[in-house]
Amino acid sequence: MSDHTHDVIAIGGGPGGYSLALECARRNLKTALVEERKTLGGTCLNTGCIPSKALLESSEFYARIAHEAKDHGLGVEGINLNLGTMMDRKAAVIKKLGDGISTLMREREVELFHGKAVVSSPGKVSVQSESGMNEISSPRVVLATGSVPASLTHLPFDGERIVDSTDALAFEEVPKRLAVIGAGAVGLELGSIWSRLGAEVTVIEAMGQIVPGTDSQAARVLHRALTEQGMNIIISSMVRTAKISSKKITVEVQNQSESSSESFIEVDKVLVAVGRRNVIDSALSPNVTPALSPDGRFIKVDTDFETSVAGLYAIGDLIGNPMLAHKAEEQALALAAIFAGEPHPPWSGPIPAVVYTMPELAWAGESEESLRASSTPYIKGTFPFAANSRSLAAKSRWGFAKLLSGLEDAKLLGAVIVGPHASELIAEIVSVMAFGGSAEDIALTIHAHPTLSESTREAALSLLGRPLHKT
């Protein structure tokens, strides 16, 4: 057992924790980072964002060769899928990024502990590792322990037949029939991967649209596109039971709008993708109890991210929705500035969200539905990717860009993009919104031609009543 004193201790090596450690160390604060895994990067790098994007890239490449090569004048026959090689590529991407984080830790002299952390008392952290117990201390301890896949009580995970997102990123073979419960980002992305690779995929969503909470028009477009690609999507339906036998799983689906309407689907695996739950208690001893939100789901923090326990801070998934890596990273940057006594800008701009399907779906700020619900007057401008030259050249016909603004000043209130590379295109809109900009700011910005980003400008021009390539 040894004792260490630090200026800052971050618990959790995901985007929130490791970003905080790097930024504090850059400011010459003596920093420790504790991570239970043997690798850094948290869920996002190891079992979430990055491996899923690697497999999405590979599976899209496979699907486009199989279905579009002839349209480009390419005769391709006998495509063979080597899933092992695809998984090796995924692992190599993860390792390269993880090694990069570890290198930064060494270069910035962050003291790294791999082990189970417990805040034993305010300012005191016990770390149990393979080599023994370490007791470390700091006046600033930051919880950044993230979240895990949420489960269903009537469909407990078994790691083989009833699986979570982590398991579904590591199948050793393509399942013949896969049911996905939940049509959010995780369910649609993982469903897309295995559908492209040959699985018969059925997605079951309890709400009345896929990607609940996003723009309904965009959700309908994405629904049609994924259906055309071969996915079977059932909305407004719940999975009541799943009977597991040696050869199959029989899933009972209840349509919520028709109480007597039941159907049964036979599959080989079931992926439960109904969201995530944070792990508030994973690093807290019974005598360290920060105040929680009224529903008990999140840790309450003040404007400086401090909990009700003096010297104990929290960021990321622990303190509220949305549970996104880039939100945790941004909070880490703000908290590092606070610890260093530096002025930091107020939280600005909306948090973008993305579904990395084909086409992609990205949005930020308000939607038409949320503006109508709050009785906020608005105007909108849209532009279809089917009329964009770069999109046509790439045979990406699905989708549109939509901008929403105030009725009087055209200040941007929200945006949604469903189409090619929407994840990249949304950044321009978020930047304009962060600085209180308007559709006019986008309309007056020169966009290179031919590019997908011209669709955003065309949507702005449409909103302002002076469309260029649209009647």
# chains A, B, ... in the order shown; residues from 1 in each chain; ligands from 1

$ select_by_dssp --residues "segment 188-330 of chain A" --states "alpha helix (DSSP H)" --output "ChimeraX atom specification"
/A:188-196,216-228,325-330

$ closest_atom_pairs --of "segment 176-207 of chain A" --to "segment 146-152 of chain A" --cutoff "12 Å" --atoms "only C-alpha atoms" --output "JSON lines"
{"residue": "A:Ile181", "atom": "CA", "partner": "A:Leu152", "partner_atom": "CA", "distance": 9.9}
{"residue": "A:Gly182", "atom": "CA", "partner": "A:Ala150", "partner_atom": "CA", "distance": 11.0}
{"residue": "A:Val186", "atom": "CA", "partner": "A:Pro149", "partner_atom": "CA", "distance": 10.0}
{"residue": "A:Gly187", "atom": "CA", "partner": "A:Pro149", "partner_atom": "CA", "distance": 11.5}

$ residues_around --residues "His154 of chain A" --least-positions-apart "5" --cutoff "10 Å" --atoms "only C-alpha atoms" --output "list in words"
Val239, Arg240, Thr241 and Ala242 of chain A

$ closest_atom_pairs --of "segment 208-241 of chain A" --to "segment 347-367 of chain A" --cutoff "7 Å" --atoms "only C-alpha atoms" --output "tab-separated table"
residue	atom	partner	partner_atom	distance
A:Thr214	CA	A:Ser367	CA	7.0
A:Asp215	CA	A:Ser367	CA	5.7
A:Leu222	CA	A:Pro359	CA	6.9

$ write_last_selection --atoms "N, CA and C atoms" --output "CSV table (one decimal), in the first residue's frame"
chain,number,residue,atom,x,y,z
A,214,THR,N,-36.6,12.6,-32.3
A,214,THR,CA,-36.0,13.4,-33.3
A,214,THR,C,-37.1,13.9,-34.3
A,215,ASP,N,-36.7,14.7,-35.3
A,215,ASP,CA,-37.6,15.2,-36.3
A,215,ASP,C,-38.4,14.1,-37.0
A,222,LEU,N,-35.6,8.1,-43.0
A,222,LEU,CA,-34.6,7.1,-42.6
A,222,LEU,C,-35.2,5.7,-42.5

$ residues_around --residues "segment 297-307 of chain A" --least-positions-apart "4" --cutoff "9 Å" --atoms "only C-alpha atoms" --output "JSON, numbers by chain"
{"A": [142, 277, 278, 280, 290, 291, 292, 293, 311, 312, 313, 314, 315, 317, 318, 319, 320, 321, 331, 334, 335, 338]}

$ closest_residue --among "A:Ala443, A:Ile233, A:Val272, A:Ala206" --to "Thr166 of chain A" --atoms "only C-alpha atoms"
A:Val272

$ residues_around --residues "segment 36-46 of chain A" --least-positions-apart "5" --cutoff "10 Å" --atoms "only C-alpha atoms" --output "PyMOL selection string"
chain A and resi 11-19+51-52+90-91+93-95+97-102+105+112-117+127-129+144-148+166+324-325

$ select_by_dssp --residues "segment 238-275 of chain A" --states "strand (DSSP E)" --output "list in words"
Met238, Val239, Arg240, Thr241, Ala242, Lys243, Ile244, Ile249, Thr250, Val251, Glu252, Val253, Gln254, Asn255, Glu262, Ser263, Phe264, Ile265, Glu266, Val267, Lys269, Val270, Leu271 and Val272 of chain A

$ closest_residue --among "A:Val274, A:Ser375, A:Ala460, A:His223" --to "Val418 of chain A" --atoms "only C-alpha atoms"
A:His223

$ residues_around --residues "Val118 of chain A" --least-positions-apart "3" --cutoff "10 Å" --atoms "only C-alpha atoms" --output "short mmCIF file (atom, residue, chain, number, x, y, z; two decimals) with C-alpha atoms, in the first residue's frame"
data_model
loop_
_atom_site.label_atom_id
_atom_site.label_comp_id
_atom_site.auth_asym_id
_atom_site.auth_seq_id
_atom_site.Cartn_x
_atom_site.Cartn_y
_atom_site.Cartn_z
CA ILE A 11 -12.14 8.27 -11.90
CA VAL A 34 -8.04 5.70 -12.37
CA GLY A 115 -7.86 -0.86 -10.88
CA SER A 121 -14.33 9.42 2.12
CA LYS A 124 -9.77 9.89 -0.39
CA VAL A 125 -9.75 7.21 -3.08
CA SER A 126 -8.83 3.54 -2.67
CA VAL A 127 -7.62 1.75 -5.79
CA GLN A 128 -7.58 -2.06 -5.79
CA GLU A 135 -4.65 5.02 -1.27
CA ASP A 281 -22.59 3.93 -7.25
CA SER A 282 -19.74 2.12 -8.96
CA ALA A 283 -17.02 4.22 -7.31
CA LEU A 284 -18.74 5.38 -4.12
CA SER A 285 -18.54 3.87 -0.65
CA PRO A 286 -21.74 3.78 1.44
CA VAL A 288 -20.18 9.04 0.41
#

$ closest_residue --among "A:Val432, A:Ala310, A:Ala63, A:Met133" --to "Gly230 of chain A" --atoms "only C-alpha atoms"
A:Ala63

$ closest_residue --among "A:Lys269, A:His447, A:Arg390, A:His326" --to "Val163 of chain A" --atoms "only C-alpha atoms"
A:Lys269

$ residues_around --residues "segment 188-204 of chain A" --least-positions-apart "3" --cutoff "8 Å" --atoms "only C-alpha atoms" --output "number ranges by chain"
A: 52, 55-56, 59-60, 62-63, 81, 165, 168-169, 174-185, 226, 229-235, 237-239, 355-357

$ closest_residue --among "A:Arg161, A:Leu425, A:Ala415, A:Ala225" --to "Ile249 of chain A" --atoms "only C-alpha atoms"
A:Arg161

$ closest_residue --among "A:Thr5, A:Val267, A:Leu143, A:Ile446" --to "Lys247 of chain A" --atoms "only C-alpha atoms"
A:Val267

$ atom_distance --atom1 "atom CA of Ser389 of chain A" --atom2 "atom CA of Asp71 of chain A"
17.0 Å

$ atom_distance --atom1 "atom CA of Val119 of chain A" --atom2 "atom CA of Val309 of chain A"
11.3 Å
